[in-house]
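Undergrad: Structure supplied as work-v6.cif; contents: mmCIF, C-alpha atoms, pLDDT in the B column; chains and numbers go by the auth columns.
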```cif
data_work
loop_
_atom_site.group_PDB
_atom_site.id
_atom_site.type_symbol
_atom_site.label_atom_id
_atom_site.label_comp_id
_atom_site.label_asym_id
_atom_site.label_seq_id
_atom_site.Cartn_x
_atom_site.Cartn_y
_atom_site.Cartn_z
_atom_site.B_iso_or_equiv
_atom_site.auth_seq_id
_atom_site.auth_asym_id
ATOM 1 C CA MET A 1 12.772 -9.503 -8.677 88.00 207 A
ATOM 2 C CA ARG A 2 10.459 -6.796 -9.993 93.00 208 A
ATOM 3 C CA SER A 3 10.704 -3.189 -8.856 96.00 209 A
ATOM 4 C CA ASP A 4 7.886 -1.532 -6.952 96.00 210 A
ATOM 5 C CA ALA A 5 6.947 0.379 -10.103 96.00 211 A
ATOM 6 C CA GLU A 6 6.771 -2.850 -12.101 96.00 212 A
ATOM 7 C CA LEU A 7 4.713 -4.501 -9.375 97.00 213 A
ATOM 8 C CA LEU A 8 2.308 -1.582 -9.249 96.00 214 A
ATOM 9 C CA GLY A 9 1.932 -1.707 -13.020 95.00 215 A
ATOM 10 C CA ALA A 10 1.178 -5.410 -12.784 97.00 216 A
ATOM 11 C CA VAL A 11 -1.407 -4.751 -10.060 97.00 217 A
ATOM 12 C CA ALA A 12 -3.046 -2.242 -12.394 96.00 218 A
ATOM 13 C CA ASP A 13 -3.320 -5.103 -14.910 96.00 219 A
ATOM 14 C CA GLY A 14 -5.049 -7.324 -12.321 97.00 220 A
ATOM 15 C CA ASP A 15 -2.036 -9.350 -11.146 98.00 221 A
ATOM 16 C CA ARG A 16 -2.902 -10.596 -7.643 98.00 222 A
ATOM 17 C CA ASP A 17 0.574 -12.060 -7.146 97.00 223 A
ATOM 18 C CA ALA A 18 2.026 -8.591 -7.661 98.00 224 A
ATOM 19 C CA LEU A 19 -0.328 -7.236 -5.002 98.00 225 A
ATOM 20 C CA ARG A 20 0.763 -10.006 -2.627 98.00 226 A
ATOM 21 C CA GLU A 21 4.395 -9.098 -3.292 98.00 227 A
ATOM 22 C CA LEU A 22 3.762 -5.391 -2.654 97.00 228 A
ATOM 23 C CA HIS A 23 1.991 -6.339 0.563 98.00 229 A
ATOM 24 C CA ARG A 24 4.891 -8.559 1.619 98.00 230 A
ATOM 25 C CA LEU A 25 7.370 -5.770 0.916 97.00 231 A
ATOM 26 C CA HIS A 26 5.475 -2.830 2.371 98.00 232 A
ATOM 27 C CA ALA A 27 2.831 -3.831 4.932 98.00 233 A
ATOM 28 C CA GLY A 28 5.355 -4.067 7.774 98.00 234 A
ATOM 29 C CA TRP A 29 6.860 -0.625 7.439 98.00 235 A
ATOM 30 C CA LEU A 30 3.468 0.946 6.736 98.00 236 A
ATOM 31 C CA ALA A 31 2.132 -0.568 9.973 98.00 237 A
ATOM 32 C CA ALA A 32 5.209 0.597 11.884 98.00 238 A
ATOM 33 C CA ARG A 33 4.836 4.173 10.643 97.00 239 A
ATOM 34 C CA LEU A 34 1.101 4.225 11.275 98.00 240 A
ATOM 35 C CA THR A 35 1.687 2.916 14.806 98.00 241 A
ATOM 36 C CA ARG A 36 3.679 6.083 15.521 97.00 242 A
ATOM 37 C CA ARG A 37 0.487 8.043 14.857 96.00 243 A
ATOM 38 C CA CYS A 38 -2.061 5.679 16.410 97.00 244 A
ATOM 39 C CA ALA A 39 -1.554 3.372 19.379 95.00 245 A
ATOM 40 C CA ASP A 40 -4.554 1.165 18.606 97.00 246 A
ATOM 41 C CA PRO A 41 -3.248 -1.932 16.778 97.00 247 A
ATOM 42 C CA ASP A 42 -6.711 -2.808 15.436 97.00 248 A
ATOM 43 C CA VAL A 43 -7.094 0.612 13.837 97.00 249 A
ATOM 44 C CA VAL A 44 -3.607 0.343 12.340 98.00 250 A
ATOM 45 C CA ALA A 45 -4.283 -3.152 10.979 97.00 251 A
ATOM 46 C CA GLU A 46 -7.532 -1.956 9.405 97.00 252 A
ATOM 47 C CA ALA A 47 -5.776 1.040 7.842 98.00 253 A
ATOM 48 C CA VAL A 48 -3.096 -1.231 6.335 98.00 254 A
ATOM 49 C CA GLN A 49 -5.734 -3.594 4.979 98.00 255 A
ATOM 50 C CA ASP A 50 -7.727 -0.695 3.545 97.00 256 A
ATOM 51 C CA THR A 51 -4.538 0.658 1.987 98.00 257 A
ATOM 52 C CA PHE A 52 -3.948 -2.499 -0.026 98.00 258 A
ATOM 53 C CA VAL A 53 -7.592 -2.677 -1.076 98.00 259 A
ATOM 54 C CA ALA A 54 -7.175 0.883 -2.353 97.00 260 A
ATOM 55 C CA VAL A 55 -3.914 -0.057 -4.105 97.00 261 A
ATOM 56 C CA TRP A 56 -5.729 -2.919 -5.834 97.00 262 A
ATOM 57 C CA ARG A 57 -8.549 -0.643 -6.948 97.00 263 A
ATOM 58 C CA SER A 58 -6.494 2.389 -7.942 95.00 264 A
ATOM 59 C CA ALA A 59 -3.076 1.148 -9.077 95.00 265 A
ATOM 60 C CA GLY A 60 -3.846 2.356 -12.580 91.00 266 A
ATOM 61 C CA ARG A 61 -4.088 5.912 -11.261 91.00 267 A
ATOM 62 C CA TRP A 62 -0.443 6.022 -10.171 89.00 268 A
ATOM 63 C CA ASP A 63 1.086 8.256 -12.803 87.00 269 A
ATOM 64 C CA GLY A 64 4.634 6.965 -12.511 85.00 270 A
ATOM 65 C CA SER A 65 6.000 10.079 -10.848 87.00 271 A
ATOM 66 C CA GLY A 66 7.556 9.635 -7.454 89.00 272 A
ATOM 67 C CA GLU A 67 8.103 6.417 -5.588 94.00 273 A
ATOM 68 C CA PRO A 68 5.332 3.841 -5.309 95.00 274 A
ATOM 69 C CA ALA A 69 6.099 3.533 -1.592 95.00 275 A
ATOM 70 C CA ALA A 70 5.406 7.250 -1.106 95.00 276 A
ATOM 71 C CA TRP A 71 2.158 6.890 -3.043 95.00 277 A
ATOM 72 C CA MET A 72 1.133 3.972 -0.811 97.00 278 A
ATOM 73 C CA TRP A 73 2.084 5.950 2.300 97.00 279 A
ATOM 74 C CA GLY A 74 -0.235 8.739 1.183 96.00 280 A
ATOM 75 C CA ILE A 75 -3.050 6.237 0.874 97.00 281 A
ATOM 76 C CA ALA A 76 -2.228 4.673 4.252 97.00 282 A
ATOM 77 C CA ILE A 77 -2.197 7.909 6.203 97.00 283 A
ATOM 78 C CA ARG A 78 -5.480 9.004 4.619 96.00 284 A
ATOM 79 C CA ARG A 79 -7.009 5.633 5.563 96.00 285 A
ATOM 80 C CA LEU A 80 -5.775 6.033 9.133 96.00 286 A
ATOM 81 C CA ILE A 81 -7.179 9.543 9.450 94.00 287 A
ATOM 82 C CA GLY A 82 -10.446 8.546 7.765 86.00 288 A
#
```
Take the structure in the file and give it back as structure tokens.
TA:
Amino acid sequence: MRSDAELLGAVADGDRDALRELHRLHAGWLAARLTRRCADPDVVAEAVQDTFVAVWRSAGRWDGSGEPAAWMWGIAIRRLIG
């Protein structure tokens, strides 16, 4: 099993399976945390979806510092607020 960092690197290289794996691993807890800030499940679902679109588009920008999950959380909360 690849680490989150390895998966994110693979996403940066265009690996859709790696994106699916990141989604499988992280979409649930991202949705749960976002739900604590927004009670509308449709808004939360859209924010999670937008988060993974952003991960797909910007994985190459992750500089390797910090945890990938924290990086994705930053994206998710910005998507929810936006």
Undergrad: Mind giving me the straight-line distance from atom CA of Phe258 of chain A to atom CA of Glu227 of chain A in Å, one decimal?
TA: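 It comes out at 11.1 Å.
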Undergrad: When the PyMOL selection byres ((chain A and resi 268-283) around 10) is applied to the structure above, which residues does it catch, written out as a ChimeraX atom specification?
TA: /A:209-215,218,228,231-233,235-237,239-240,243,250,252-258,260-261,264-267,284-288
Undergrad: Let me make sure I understand: among A:Asp246, A:Arg222, A:Arg263, A:Ala251, which one has the smallest atom-to-atom distance to Gly234 of chain A if we use all atoms listed in the file?
TA: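 Looking at the shortest contact to Gly234 of chain A, the residue is A:Ala251.
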Undergrad: Mind giving me the straight-line distance from atom CA of Gly220 of chain A to atom CA of Trp262 of chain A in Å, one decimal?
TA: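 Computed distance, atom CA of Gly220 of chain A to atom CA of Trp262 of chain A, equals 7.9 Å.
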Undergrad: May I ask for the distance between atom CA of Asp223 of chain A and atom CA of Val259 of chain A, given in Å to one decimal place?
TA: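 Rounded to one decimal, the two atoms are 13.8 Å apart.
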